[in-house]
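One file, work-v4.cif, carrying mmCIF, C-alpha atoms:
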```cif
data_input
#
loop_
_atom_site.label_atom_id
_atom_site.label_comp_id
_atom_site.auth_asym_id
_atom_site.auth_seq_id
_atom_site.Cartn_x
_atom_site.Cartn_y
_atom_site.Cartn_z
CA MET A 1 -2.62 -25.14 -12.15
CA ILE A 2 -3.68 -22.66 -9.52
CA LEU A 3 -3.67 -18.88 -9.67
CA LYS A 4 -0.81 -18.45 -7.23
CA ASP A 5 1.48 -20.43 -9.58
CA LEU A 6 1.49 -17.54 -12.06
CA TYR A 7 3.60 -15.06 -10.03
CA ILE A 8 1.70 -12.06 -11.36
CA ASP A 9 3.39 -8.68 -11.05
CA ARG A 10 3.49 -5.32 -12.88
CA GLN A 11 5.02 -6.99 -15.95
CA TRP A 12 1.68 -8.73 -16.52
CA SER A 13 -1.21 -7.37 -18.58
CA LEU A 14 -4.90 -7.81 -17.96
CA PHE A 15 -7.43 -7.96 -20.79
CA LEU A 16 -11.06 -7.52 -19.75
CA ASP A 17 -14.30 -8.01 -21.59
CA ARG A 18 -16.80 -5.28 -20.73
CA ASP A 19 -20.42 -6.49 -20.80
CA GLY A 20 -21.02 -9.10 -18.12
CA VAL A 21 -17.65 -8.47 -16.47
CA ILE A 22 -17.36 -4.75 -15.71
CA ASN A 23 -20.98 -3.82 -16.31
CA ARG A 24 -24.25 -5.68 -16.21
CA LYS A 25 -25.04 -7.33 -19.52
CA LEU A 26 -28.44 -6.51 -20.98
CA GLU A 27 -29.99 -9.71 -22.26
CA ASN A 28 -30.92 -9.52 -25.97
CA ASP A 29 -29.97 -5.83 -26.00
CA TYR A 30 -27.00 -3.48 -25.99
CA VAL A 31 -25.88 -0.87 -23.49
CA LYS A 32 -26.61 2.18 -25.63
CA SER A 33 -26.36 5.04 -23.14
CA ILE A 34 -24.90 6.01 -19.79
CA ASP A 35 -28.36 5.49 -18.27
CA GLU A 36 -28.22 1.81 -19.26
CA PHE A 37 -24.66 1.31 -17.97
CA GLU A 38 -24.58 -0.33 -14.52
CA PHE A 39 -21.38 -1.64 -12.94
CA THR A 40 -21.49 -5.24 -11.76
CA ALA A 41 -21.35 -5.73 -7.98
CA GLY A 42 -17.86 -4.93 -6.72
CA ALA A 43 -16.49 -3.98 -10.16
CA LEU A 44 -15.17 -0.58 -9.09
CA GLN A 45 -13.41 -2.08 -6.07
CA ALA A 46 -12.05 -4.83 -8.30
CA MET A 47 -10.65 -2.29 -10.76
CA ARG A 48 -8.85 -0.50 -7.91
CA ILE A 49 -7.31 -3.79 -6.72
CA LEU A 50 -6.37 -4.94 -10.23
CA SER A 51 -4.79 -1.56 -11.01
CA GLU A 52 -2.35 -2.12 -8.16
CA ILE A 53 -1.33 -5.54 -9.52
CA PHE A 54 -1.14 -5.31 -13.34
CA GLY A 55 1.07 -3.07 -15.46
CA HIS A 56 -1.51 -2.70 -18.23
CA ILE A 57 -5.28 -3.09 -18.13
CA PHE A 58 -7.04 -3.25 -21.48
CA ILE A 59 -10.72 -3.54 -22.25
CA VAL A 60 -11.52 -5.53 -25.39
CA THR A 61 -15.18 -5.46 -26.30
CA ASN A 62 -17.28 -6.57 -29.26
CA GLN A 63 -19.87 -3.86 -29.96
CA GLN A 64 -21.83 -4.99 -33.02
CA GLY A 65 -24.69 -2.67 -32.01
CA ILE A 66 -22.72 0.05 -33.84
CA HIS A 67 -22.75 -1.84 -37.13
CA LYS A 68 -26.43 -2.65 -36.65
CA GLY A 69 -27.17 1.08 -36.32
CA ILE A 70 -28.51 0.67 -32.78
CA MET A 71 -25.87 3.02 -31.38
CA SER A 72 -23.13 5.26 -32.72
CA VAL A 73 -19.40 5.34 -32.05
CA LYS A 74 -20.00 8.70 -30.36
CA GLU A 75 -22.51 7.11 -27.98
CA LEU A 76 -20.09 4.27 -27.23
CA ASP A 77 -17.32 6.79 -26.55
CA MET A 78 -19.60 8.63 -24.10
CA ILE A 79 -20.29 5.36 -22.27
CA HIS A 80 -16.59 4.56 -22.14
CA ARG A 81 -15.66 8.04 -20.88
CA TYR A 82 -18.28 7.68 -18.14
CA MET A 83 -17.01 4.20 -17.23
CA GLN A 84 -13.40 5.32 -17.21
CA LYS A 85 -14.14 8.36 -15.03
CA LYS A 86 -15.97 6.21 -12.46
CA ILE A 87 -13.08 3.72 -12.44
CA ILE A 88 -10.51 6.50 -11.99
CA ASP A 89 -12.61 8.13 -9.27
CA GLY A 90 -12.67 4.73 -7.53
CA GLY A 91 -8.87 4.48 -7.57
CA GLY A 92 -8.56 2.25 -10.64
CA ARG A 93 -7.29 2.78 -14.17
CA ILE A 94 -7.64 1.52 -17.71
CA THR A 95 -4.66 1.63 -20.05
CA LYS A 96 -6.77 1.61 -23.22
CA ILE A 97 -10.16 0.51 -24.51
CA TYR A 98 -10.48 -1.37 -27.80
CA HIS A 99 -13.77 -2.16 -29.47
CA SER A 100 -14.87 -4.00 -32.57
CA PRO A 101 -18.07 -2.64 -34.17
CA TYR A 102 -18.45 -5.48 -36.66
CA LEU A 103 -21.20 -8.07 -36.93
CA GLU A 104 -20.49 -11.58 -35.69
CA GLU A 105 -21.12 -13.10 -39.12
CA GLU A 106 -18.49 -10.83 -40.70
CA LYS A 107 -15.74 -12.62 -38.75
CA HIS A 108 -13.73 -9.40 -38.83
CA PRO A 109 -10.13 -9.82 -37.57
CA THR A 110 -10.77 -7.38 -34.70
CA ARG A 111 -13.86 -9.18 -33.45
CA LYS A 112 -13.29 -11.71 -30.67
CA PRO A 113 -12.44 -14.56 -30.83
CA SER A 114 -10.12 -13.23 -33.56
CA THR A 115 -7.02 -11.61 -32.15
CA GLY A 116 -7.08 -8.15 -33.74
CA MET A 117 -7.78 -6.15 -30.57
CA GLY A 118 -4.93 -7.95 -28.79
CA GLU A 119 -2.62 -7.28 -31.71
CA GLN A 120 -3.62 -3.59 -31.59
CA ALA A 121 -2.70 -3.52 -27.89
CA LEU A 122 0.70 -5.08 -28.66
CA GLN A 123 1.30 -2.55 -31.42
CA ASP A 124 0.36 0.35 -29.09
CA TYR A 125 2.26 -1.11 -26.10
CA PRO A 126 5.19 -3.22 -27.41
CA GLY A 127 6.09 -4.40 -23.89
CA VAL A 128 2.95 -6.52 -23.67
CA ASP A 129 3.73 -10.22 -23.38
CA PHE A 130 0.70 -12.39 -24.07
CA LYS A 131 2.26 -15.25 -22.10
CA LYS A 132 2.19 -12.89 -19.12
CA SER A 133 -1.40 -11.85 -19.71
CA LEU A 134 -4.83 -12.84 -18.47
CA MET A 135 -8.07 -12.58 -20.43
CA VAL A 136 -11.13 -12.19 -18.21
CA GLY A 137 -14.52 -12.67 -19.83
CA ASP A 138 -17.97 -14.18 -19.60
CA SER A 139 -18.22 -15.89 -22.99
CA MET A 140 -16.46 -18.56 -25.01
CA SER A 141 -15.39 -15.95 -27.58
CA ASP A 142 -13.47 -14.23 -24.76
CA MET A 143 -11.81 -17.50 -23.77
CA GLU A 144 -10.96 -18.35 -27.39
CA PHE A 145 -9.52 -14.84 -27.88
CA GLY A 146 -7.25 -15.40 -24.89
CA LYS A 147 -6.20 -18.88 -25.98
CA ASN A 148 -5.59 -17.70 -29.57
CA LEU A 149 -3.03 -15.26 -28.11
CA GLU A 150 -1.64 -17.85 -25.63
CA MET A 151 -2.97 -15.97 -22.60
CA PHE A 152 -4.29 -17.49 -19.41
CA THR A 153 -8.08 -17.29 -19.28
CA VAL A 154 -10.48 -16.41 -16.48
CA GLY A 155 -14.15 -17.23 -16.91
CA ILE A 156 -16.63 -15.06 -15.05
CA GLY A 157 -20.13 -16.16 -14.10
CA GLU A 158 -21.81 -18.76 -16.26
CA LYS A 159 -21.55 -22.36 -15.05
CA ASP A 160 -21.32 -23.79 -18.59
CA LEU A 161 -18.41 -21.48 -19.34
CA VAL A 162 -16.39 -22.22 -16.24
CA GLN A 163 -16.41 -25.98 -16.91
CA ASP A 164 -14.90 -25.64 -20.40
CA PRO A 165 -11.26 -26.75 -20.82
CA ALA A 166 -10.46 -23.37 -22.46
CA VAL A 167 -11.05 -21.75 -19.05
CA ASP A 168 -7.96 -21.83 -16.84
CA PHE A 169 -9.60 -20.21 -13.81
CA ALA A 170 -13.23 -19.46 -12.92
CA PHE A 171 -14.85 -16.96 -10.59
CA GLY A 172 -18.34 -15.70 -9.93
CA SER A 173 -17.41 -12.07 -10.56
CA LEU A 174 -14.56 -9.71 -11.36
CA TYR A 175 -14.53 -8.78 -7.68
CA ASP A 176 -14.11 -12.44 -6.62
CA PHE A 177 -11.18 -12.74 -9.04
CA ALA A 178 -9.51 -9.57 -7.69
CA VAL A 179 -9.92 -10.68 -4.07
CA GLU A 180 -8.36 -14.05 -4.89
CA LEU A 181 -5.36 -12.32 -6.48
CA VAL A 182 -4.85 -10.29 -3.30
CA LYS A 183 -5.05 -13.46 -1.19
CA LYS A 184 -2.50 -15.09 -3.49
CA ALA A 185 -0.14 -12.14 -3.17
CA ASN A 186 -0.32 -12.29 0.63
CA GLN A 187 0.58 -16.00 0.84
#
```
Show this structure as structure tokens.
Amino acid sequence: MILKDLYIDRQWSLFLDRDGVINRKLENDYVKSIDEFEFTAGALQAMRILSEIFGHIFIVTNQQGIHKGIMSVKELDMIHRYMQKKIIDGGGRITKIYHSPYLEEEKHPTRKPSTGMGEQALQDYPGVDFKKSLMVGDSMSDMEFGKNLEMFTVGIGEKDLVQDPAVDFAFGSLYDFAVELVKKANQ
């Protein structure tokens, strides 16, 4: 299967992981403040492009740093408001941001790869069709989340990830993915 076979239009939804996709992931750490938040190369341009293509754009992010006491929900909200403002200022949009503050070992139903954040999006936006959705992420839990909801999956970055059969499409960055969608639309 190739990307152009999907016939993506405004009826489609896009689910995005945050760390490593929209912003630079801090190795062995968490983005705890606006000062630590840095968009990945081309992410703002990608968000503008993707906003013109998809009907809904959701961010689904595991944020166990909250449960560990490393950051608060208020601090996370400040980061997300900052991120959203920059995306809007750049001509993009986000429909809604969902986060799961729980520890990995808790296996909470909202923590990826469990499907809770996707189910919340469906409850909030009943027109969402997971079979007309893409999950873009940089980890296997992102890919499993997408597959658990029968979405198409897009792996970003890591070579090990992009060779896994759970990954339908692979790109070096969110920007590369967005550019490819534009090329597909113009064919």
So what does the PyMOL selection byres ((chain A and resi 117-133) around 10) actually pick up in this one, as a ChimeraX atom specification? /A:6-15,54-62,95-100,109-116,134-136,145-153
Could you give me, as a tab-separated table, every region 93-170 of chain A residue with an atom at most 6 Å from region 63-83 of chain A, plus its closest atom pair and distance in Å to one decimal, counting only C-alpha atoms, rows ordered by chain then number?
```
residue	atom	partner	partner_atom	distance
A:Ser100	CA	A:Gln63	CA	5.6
A:Pro101	CA	A:Gln64	CA	4.6
A:Tyr102	CA	A:Gln64	CA	5.0
A:Leu103	CA	A:Gln64	CA	5.0
```
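For the residues A:Glu36, A:Met140, A:Val21, A:Lys4, ranking by smallest atom-to-atom distance to Phe171 (chain A) using all atoms listed in the file places A:Val21 first.
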How big is the axis-aligned box around all listed atoms of region 3-12 of chain A once 4 Å goes on each side, and where's its centre, in Å to one decimal, as lines of an AutoDock Vina configuration file?
```
center_x = 0.7
center_y = -12.9
center_z = -11.9
size_x = 16.7
size_y = 23.1
size_z = 17.3
```
For this file, the PyMOL selection byres ((chain A and resi 168) around 8) selects which residues, as number ranges by chain? A: 1, 152-155, 165-167, 169-170
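Using all atoms listed in the file, the smallest distance between any of A:Asp29, A:Glu144, A:Asp89, A:Asp5 and Arg48 (chain A) comes from A:Asp89.
Atom pair CA of Ser139 (chain A) / CA of Glu180 (chain A): separated by 20.7 Å.
Between CA of Phe39 (chain A) and CA of Ser141 (chain A) the interatomic distance comes to 21.3 Å.
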Reconstruct N, CA, C and O atoms of region 103-128 of chain A from the incomplete input and present them as a JSON list (two decimals), in the coordinates of the input.
```
[["chain", "number", "residue", "atom", "x", "y", "z"],
["A", 103, "LEU", "N", -20.24, -7.00, -37.17],
["A", 103, "LEU", "CA", -21.20, -8.07, -36.93],
["A", 103, "LEU", "C", -20.49, -9.40, -36.75],
["A", 103, "LEU", "O", -19.45, -9.65, -37.37],
["A", 104, "GLU", "N", -21.07, -10.27, -35.95],
["A", 104, "GLU", "CA", -20.49, -11.58, -35.69],
["A", 104, "GLU", "C", -20.25, -12.35, -36.99],
["A", 104, "GLU", "O", -19.19, -12.94, -37.19],
["A", 105, "GLU", "N", -21.24, -12.32, -37.88],
["A", 105, "GLU", "CA", -21.12, -13.10, -39.12],
["A", 105, "GLU", "C", -20.04, -12.58, -40.07],
["A", 105, "GLU", "O", -19.61, -13.29, -40.97],
["A", 106, "GLU", "N", -19.56, -11.36, -39.85],
["A", 106, "GLU", "CA", -18.49, -10.83, -40.70],
["A", 106, "GLU", "C", -17.14, -11.46, -40.39],
["A", 106, "GLU", "O", -16.23, -11.40, -41.22],
["A", 107, "LYS", "N", -17.01, -12.01, -39.18],
["A", 107, "LYS", "CA", -15.74, -12.62, -38.75],
["A", 107, "LYS", "C", -14.56, -11.68, -39.00],
["A", 107, "LYS", "O", -13.50, -12.09, -39.48],
["A", 108, "HIS", "N", -14.77, -10.42, -38.66],
["A", 108, "HIS", "CA", -13.73, -9.40, -38.83],
["A", 108, "HIS", "C", -12.54, -9.73, -37.92],
["A", 108, "HIS", "O", -12.72, -10.23, -36.81],
["A", 109, "PRO", "N", -11.31, -9.46, -38.38],
["A", 109, "PRO", "CA", -10.13, -9.82, -37.57],
["A", 109, "PRO", "C", -10.03, -9.10, -36.22],
["A", 109, "PRO", "O", -9.27, -9.53, -35.36],
["A", 110, "THR", "N", -10.81, -8.03, -36.02],
["A", 110, "THR", "CA", -10.77, -7.38, -34.70],
["A", 110, "THR", "C", -11.84, -7.91, -33.77],
["A", 110, "THR", "O", -11.83, -7.60, -32.58],
["A", 111, "ARG", "N", -12.75, -8.70, -34.28],
["A", 111, "ARG", "CA", -13.86, -9.18, -33.45],
["A", 111, "ARG", "C", -13.45, -10.48, -32.74],
["A", 111, "ARG", "O", -13.03, -11.43, -33.39],
["A", 112, "LYS", "N", -13.59, -10.48, -31.41],
["A", 112, "LYS", "CA", -13.29, -11.71, -30.67],
["A", 112, "LYS", "C", -14.20, -12.83, -31.17],
["A", 112, "LYS", "O", -15.36, -12.57, -31.43],
["A", 113, "PRO", "N", -13.70, -14.03, -31.35],
["A", 113, "PRO", "CA", -12.44, -14.56, -30.83],
["A", 113, "PRO", "C", -11.21, -14.29, -31.68],
["A", 113, "PRO", "O", -10.12, -14.71, -31.30],
["A", 114, "SER", "N", -11.32, -13.60, -32.80],
["A", 114, "SER", "CA", -10.12, -13.23, -33.56],
["A", 114, "SER", "C", -9.25, -12.31, -32.70],
["A", 114, "SER", "O", -9.72, -11.69, -31.76],
["A", 115, "THR", "N", -8.01, -12.20, -33.05],
["A", 115, "THR", "CA", -7.02, -11.61, -32.15],
["A", 115, "THR", "C", -6.69, -10.13, -32.42],
["A", 115, "THR", "O", -5.80, -9.57, -31.79],
["A", 116, "GLY", "N", -7.43, -9.50, -33.31],
["A", 116, "GLY", "CA", -7.08, -8.15, -33.74],
["A", 116, "GLY", "C", -6.96, -7.12, -32.62],
["A", 116, "GLY", "O", -6.04, -6.30, -32.63],
["A", 117, "MET", "N", -7.87, -7.14, -31.65],
["A", 117, "MET", "CA", -7.78, -6.15, -30.57],
["A", 117, "MET", "C", -6.54, -6.39, -29.71],
["A", 117, "MET", "O", -5.90, -5.43, -29.25],
["A", 118, "GLY", "N", -6.17, -7.65, -29.51],
["A", 118, "GLY", "CA", -4.93, -7.95, -28.79],
["A", 118, "GLY", "C", -3.71, -7.50, -29.56],
["A", 118, "GLY", "O", -2.76, -6.94, -28.98],
["A", 119, "GLU", "N", -3.73, -7.72, -30.87],
["A", 119, "GLU", "CA", -2.62, -7.28, -31.71],
["A", 119, "GLU", "C", -2.50, -5.76, -31.72],
["A", 119, "GLU", "O", -1.39, -5.21, -31.75],
["A", 120, "GLN", "N", -3.65, -5.05, -31.69],
["A", 120, "GLN", "CA", -3.62, -3.59, -31.59],
["A", 120, "GLN", "C", -2.96, -3.16, -30.28],
["A", 120, "GLN", "O", -2.15, -2.23, -30.26],
["A", 121, "ALA", "N", -3.29, -3.84, -29.19],
["A", 121, "ALA", "CA", -2.70, -3.52, -27.89],
["A", 121, "ALA", "C", -1.19, -3.73, -27.93],
["A", 121, "ALA", "O", -0.42, -2.89, -27.43],
["A", 122, "LEU", "N", -0.73, -4.81, -28.55],
["A", 122, "LEU", "CA", 0.70, -5.08, -28.66],
["A", 122, "LEU", "C", 1.39, -4.02, -29.51],
["A", 122, "LEU", "O", 2.50, -3.58, -29.19],
["A", 123, "GLN", "N", 0.73, -3.59, -30.57],
["A", 123, "GLN", "CA", 1.30, -2.55, -31.42],
["A", 123, "GLN", "C", 1.40, -1.23, -30.64],
["A", 123, "GLN", "O", 2.41, -0.53, -30.72],
["A", 124, "ASP", "N", 0.37, -0.90, -29.87],
["A", 124, "ASP", "CA", 0.36, 0.35, -29.09],
["A", 124, "ASP", "C", 1.29, 0.28, -27.88],
["A", 124, "ASP", "O", 1.83, 1.31, -27.45],
["A", 125, "TYR", "N", 1.46, -0.91, -27.32],
["A", 125, "TYR", "CA", 2.26, -1.11, -26.10],
["A", 125, "TYR", "C", 3.18, -2.31, -26.33],
["A", 125, "TYR", "O", 2.87, -3.43, -25.90],
["A", 126, "PRO", "N", 4.32, -2.10, -27.01],
["A", 126, "PRO", "CA", 5.19, -3.22, -27.41],
["A", 126, "PRO", "C", 5.71, -4.08, -26.26],
["A", 126, "PRO", "O", 6.14, -5.21, -26.48],
["A", 127, "GLY", "N", 5.64, -3.60, -25.03],
["A", 127, "GLY", "CA", 6.09, -4.40, -23.89],
["A", 127, "GLY", "C", 5.12, -5.48, -23.46],
["A", 127, "GLY", "O", 5.45, -6.30, -22.60],
["A", 128, "VAL", "N", 3.93, -5.51, -24.04],
["A", 128, "VAL", "CA", 2.95, -6.52, -23.67],
["A", 128, "VAL", "C", 3.46, -7.91, -24.07],
["A", 128, "VAL", "O", 3.94, -8.10, -25.19]]
```
